[in-house]
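Read through the structure below, which is laid out as structure tokens, and then see the notes.
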Amino acid sequence: MRPQTRAAVAACLAMLAEPYTDEERMQRSRPPYPLPNRLLPQQAVAVAELTRLVDSGFDGSCLTSPRMIWPSEWRSHAMRVLLLGFHWSAIDALVLIVAAGDVSPGELEATVAAVDSAFDRNLLRGQLIHMLLAVGDVPEAERVSESLEPWKADGSDWRFYGHRYIARWFAERGDAPEFLARWKALNASAERLEMARLKGFLVSSVSRQHGWRAGLALTADRRIGPRFRHEAFQSLAEDGAVAELMEAFSAADVRDLVTEVEQLALLAKALSVTATRTGFANREPFSEILDRIIALDTSDKATMRARDAMLVDLWPAYPDQAALTLGRKAARAPRNKRELVELHPEVIRPDDVPAIP
């Protein structure tokens, strides 16, 4: 690593190694959360390197928690650390510096060994896994995943976080066989909401890479399940493929696999994407889809909220004031009604184009 980076890493490690006195700990717990004066020189070295890396234009990603499997944008996290100096964290700065600096996997692993806190070591190991996968070194990433230490508060095993991160990497590439080959290591019964997000991401990624029928077929695997069928059509919605979605939902072998609410949410998203990207809003098939959304039975709150969300999502695609008025009247929540007062100012509608004589 370059000398500036090496000095900043050493400064962060020195700060992490310095225990706080009781008085310093008390001061750090109350505004303005001052660092002890004896640590300010090391902080200055780390801040200087972090500032240099920000100015260099680095725009990669990093991990901000050892329990996270979704990378964060490096630049926004770096700016937060720099701007929120009153609550400055040496471990946050260290992760950012090793993520953006010219630090090799071997150098990062040596840095892990120099840290006292198991939590902080796991955070750095997560960044190491991220770094190894960036160069496609899956075996080494799996080895590092196995080295994640138990959480000392309750002894819980954290190795599955590393394996989930690797599985997410394969999911991003639409590689379902490699994802499922690691199933036992994912501890699917732990943190089920996050696991559900990962399953949905897999299905949508497979659909993007191999087509929606491949994503839909994947939901037949009991480890994924039918609740993720709608994810097979997310890529079409994200691409604004309204006609393709309507054709897929009309197929005899698909029609009853995705609920009406799920179908309409996807169509609303696709209409919005199309209007935003093209700058045009057409009356058809918008009117047909809006009528179906308004006709939903909202006797249960979940459907009512979902319908309101669709009506708001449609905003760029409303083709005229009359359609917008219908959407506003159908919306139930006052805040959503307030969102549907004026048409999107940057979208052209049929009435905006003069008729050809």
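All residue names refer to the structure tokens as shown: chains lettered A, B, ... in order, residues numbered from 1 in each chain, ligands numbered from 1 in order.
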Exercise. Got a sec to tell me which of range 170-229 of chain A DSSP assigns to alpha helix (DSSP H), as a ChimeraX atom specification?
Worked result: /A:170-172,176-181,192-210,212-218
Take the residues that were just selected and, keeping C-alpha atoms, output them as a PDB file, in the first residue's frame.
```
ATOM      1  CA  PHE A 170     -23.756 -15.321  -7.123  1.00  0.00           C
ATOM      2  CA  ALA A 171     -27.371 -14.132  -7.045  1.00  0.00           C
ATOM      3  CA  GLU A 172     -26.320 -10.841  -8.608  1.00  0.00           C
ATOM      4  CA  ALA A 176     -28.951 -20.060  -8.988  1.00  0.00           C
ATOM      5  CA  PRO A 177     -27.044 -23.397  -8.886  1.00  0.00           C
ATOM      6  CA  GLU A 178     -24.058 -21.826  -7.076  1.00  0.00           C
ATOM      7  CA  PHE A 179     -26.405 -19.949  -4.738  1.00  0.00           C
ATOM      8  CA  LEU A 180     -28.345 -23.071  -3.797  1.00  0.00           C
ATOM      9  CA  ALA A 181     -25.163 -25.138  -3.454  1.00  0.00           C
ATOM     10  CA  ARG A 192     -35.622 -14.330   8.006  1.00  0.00           C
ATOM     11  CA  LEU A 193     -36.532 -10.888   6.668  1.00  0.00           C
ATOM     12  CA  GLU A 194     -33.017 -10.453   5.319  1.00  0.00           C
ATOM     13  CA  MET A 195     -33.091 -13.999   3.950  1.00  0.00           C
ATOM     14  CA  ALA A 196     -36.384 -13.247   2.210  1.00  0.00           C
ATOM     15  CA  ARG A 197     -34.809 -10.193   0.603  1.00  0.00           C
ATOM     16  CA  LEU A 198     -31.943 -12.354  -0.606  1.00  0.00           C
ATOM     17  CA  LYS A 199     -34.308 -14.936  -2.117  1.00  0.00           C
ATOM     18  CA  GLY A 200     -36.262 -12.242  -3.929  1.00  0.00           C
ATOM     19  CA  PHE A 201     -33.028 -10.748  -5.246  1.00  0.00           C
ATOM     20  CA  LEU A 202     -31.994 -14.158  -6.568  1.00  0.00           C
ATOM     21  CA  VAL A 203     -35.275 -14.687  -8.428  1.00  0.00           C
ATOM     22  CA  SER A 204     -35.259 -11.205  -9.975  1.00  0.00           C
ATOM     23  CA  SER A 205     -31.591 -11.535 -10.989  1.00  0.00           C
ATOM     24  CA  VAL A 206     -32.155 -14.945 -12.583  1.00  0.00           C
ATOM     25  CA  SER A 207     -35.059 -13.447 -14.537  1.00  0.00           C
ATOM     26  CA  ARG A 208     -32.926 -10.558 -15.745  1.00  0.00           C
ATOM     27  CA  GLN A 209     -30.121 -12.862 -16.844  1.00  0.00           C
ATOM     28  CA  HIS A 210     -32.132 -15.804 -18.184  1.00  0.00           C
ATOM     29  CA  TRP A 212     -38.773 -14.450 -16.482  1.00  0.00           C
ATOM     30  CA  ARG A 213     -39.708 -18.081 -17.049  1.00  0.00           C
ATOM     31  CA  ALA A 214     -36.364 -19.155 -15.563  1.00  0.00           C
ATOM     32  CA  GLY A 215     -37.013 -16.965 -12.517  1.00  0.00           C
ATOM     33  CA  LEU A 216     -40.538 -18.291 -12.161  1.00  0.00           C
ATOM     34  CA  ALA A 217     -39.328 -21.895 -12.434  1.00  0.00           C
ATOM     35  CA  LEU A 218     -36.859 -21.227  -9.616  1.00  0.00           C
TER      36      LEU A 218
END
```
Exercise. Near range 334-339 of chain A, within 8 Å and counting only C-alpha atoms, which residues show up once chain neighbours fewer than 3 positions away are dropped, as number ranges by chain?
Worked result: A: 308, 312, 328-329, 331, 342
For this session: Fewer than 5 positions away in the same chain doesn't count, so skip those; otherwise give me all residues within 10 Å of Asp239 in chain A, counting only C-alpha atoms, as a ChimeraX atom specification.
Result: /A:208,234,269-271,273-274,277
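Interatomic distance, CA of Ala11 in chain A to CA of Arg52 in chain A: 15.4 Å.
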Any idea what's packed within 7 Å of Leu63 in chain A, counting only C-alpha atoms, ignoring anything in its chain fewer than 3 positions away? Could you give it as a PDB file with N, CA and C atoms, in the first residue's frame?
```pdb
ATOM      1  N   MET A  68     -23.887  -7.137   7.538  1.00  0.00           N
ATOM      2  CA  MET A  68     -24.497  -6.612   6.319  1.00  0.00           C
ATOM      3  C   MET A  68     -24.043  -7.422   5.110  1.00  0.00           C
ATOM      4  N   PRO A  71     -23.662  -4.159   0.017  1.00  0.00           N
ATOM      5  CA  PRO A  71     -22.649  -3.103   0.095  1.00  0.00           C
ATOM      6  C   PRO A  71     -23.269  -1.709   0.088  1.00  0.00           C
ATOM      7  N   SER A  72     -22.614  -0.792   0.778  1.00  0.00           N
ATOM      8  CA  SER A  72     -23.031   0.609   0.798  1.00  0.00           C
ATOM      9  C   SER A  72     -22.161   1.410  -0.160  1.00  0.00           C
ATOM     10  N   GLY A 126     -15.427  -8.801   6.752  1.00  0.00           N
ATOM     11  CA  GLY A 126     -16.480  -8.596   5.762  1.00  0.00           C
ATOM     12  C   GLY A 126     -15.972  -7.795   4.578  1.00  0.00           C
ATOM     13  N   GLN A 127     -15.181  -6.753   4.857  1.00  0.00           N
ATOM     14  CA  GLN A 127     -14.598  -5.967   3.785  1.00  0.00           C
ATOM     15  C   GLN A 127     -13.608  -6.808   2.968  1.00  0.00           C
TER      16      GLN A 127
END
```
For Thr259 in chain A, work out the shell of residues within 12 Å, counting only C-alpha atoms and skipping chain neighbours fewer than 3 positions away, then give it as a short mmCIF file (atom, residue, chain, number, x, y, z; two decimals) with C-alpha atoms, in the first residue's frame.
```cif
data_model
loop_
_atom_site.label_atom_id
_atom_site.label_comp_id
_atom_site.auth_asym_id
_atom_site.auth_seq_id
_atom_site.Cartn_x
_atom_site.Cartn_y
_atom_site.Cartn_z
CA PRO A 226 -44.12 -19.47 -4.37
CA ARG A 227 -44.23 -16.21 -2.38
CA PHE A 228 -41.43 -14.92 -4.63
CA ARG A 229 -43.17 -15.57 -7.95
CA HIS A 230 -43.80 -11.88 -8.52
CA PHE A 249 -49.85 -12.28 -17.07
CA VAL A 254 -49.11 -17.84 -15.34
CA ARG A 255 -52.42 -16.03 -14.88
CA ASP A 256 -53.24 -17.57 -11.51
CA GLU A 262 -48.89 -8.13 -7.43
CA GLN A 263 -49.64 -7.87 -11.15
CA LEU A 264 -50.96 -4.34 -10.84
CA ALA A 265 -48.05 -3.18 -8.68
CA LEU A 266 -45.65 -4.40 -11.36
CA LEU A 296 -59.35 -3.56 -6.08
CA THR A 303 -54.60 -4.03 -0.02
#
```
Problem set entry | Minimum-distance residue to Val9 in chain A, chosen among A:Val81, A:Val115, A:Arg28, A:Leu186 (using only C-alpha atoms) | A:Val115
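Counting only C-alpha atoms and comparing A:Thr21, A:Thr64, A:Thr51, A:Thr219, the residue that lies closest to Arg38 in chain A is A:Thr21.
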Need to verify the contact set: Arg143 in chain A, 10 Å, only C-alpha atoms, exclusion of same-chain residues closer than 6 positions in sequence. Can you return it as a tab-separated table (two decimals) with N, CA and C atoms, in the first residue's frame?
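Printed below is selection_24.tsv as written:
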```tsv
chain	number	residue	atom	x	y	z
A	129	ILE	N	-13.87	-10.08	2.45
A	129	ILE	CA	-14.70	-10.92	1.59
A	129	ILE	C	-15.14	-10.12	0.36
A	162	GLY	N	-21.01	-14.12	6.21
A	162	GLY	CA	-20.04	-14.17	5.11
A	162	GLY	C	-20.54	-15.04	3.97
A	163	HIS	N	-21.14	-16.18	4.31
A	163	HIS	CA	-21.64	-17.07	3.26
A	163	HIS	C	-22.83	-16.45	2.53
```
Problem set entry | DSSP strand (DSSP E) residues within range 15-210 of chain A, listed as a list in words |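 Filtering range 15-210 of chain A down to strand (DSSP E) leaves Ser61, Cys62, Ser72 and Glu73 of chain A.
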Write out, as a PDB file, in the first residue's frame, the residues just selected, with C-alpha atoms.
```
ATOM      1  CA  SER A  61     -18.611   0.307  -2.313  1.00  0.00           C
ATOM      2  CA  CYS A  62     -17.880  -0.979   1.177  1.00  0.00           C
ATOM      3  CA  SER A  72     -23.031   0.609   0.798  1.00  0.00           C
ATOM      4  CA  GLU A  73     -21.914   3.418  -1.456  1.00  0.00           C
TER       5      GLU A  73
END
```
Exercise. Which residues come within 9 Å of Leu50 in chain A, counting only C-alpha atoms, excluding same-chain residues fewer than 2 positions away, as a list in words?
Worked result: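 Skipping anything fewer than 2 positions along the chain leaves Thr5, Ala8, Val45, Ala46, Val47, Ala48, Arg52, Leu53, Val54, Asp55, Ala78, Leu82, Ala93, Leu96, Ile97 and Ala100 of chain A.
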Exercise. When you draw a straight line from CA of Met246 in chain A to CA of Gly327 in chain A, how long is it in Å?
Worked result: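 Going from CA of Met246 in chain A over to CA of Gly327 in chain A covers 20.9 Å.
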Where does range 242-338 of chain A meet range 344-354 of chain A within 9 Å, residue by residue, with the nearest atom pair and distance in Å to one decimal for each, counting only C-alpha atoms, listed by chain and rising number, as a tab-separated table?
```
residue	atom	partner	partner_atom	distance
A:Ala275	CA	A:Val347	CA	6.9
A:Thr276	CA	A:Val347	CA	7.2
A:Thr278	CA	A:Val347	CA	8.3
A:Gly279	CA	A:Val347	CA	4.6
A:Phe280	CA	A:Ile348	CA	4.8
A:Ala281	CA	A:Arg349	CA	5.1
A:Asn282	CA	A:Arg349	CA	6.5
A:Arg283	CA	A:Pro350	CA	7.6
A:Trp315	CA	A:His344	CA	6.8
A:Pro316	CA	A:His344	CA	5.3
A:Ala317	CA	A:Val347	CA	7.9
A:Tyr318	CA	A:His344	CA	8.1
A:Pro319	CA	A:Arg349	CA	5.4
A:Asp320	CA	A:Arg349	CA	6.8
```
Exercise. Mind pulling up the distance from CA of Ala237 in chain A to CA of Arg182 in chain A?
Worked result: 29.2 Å
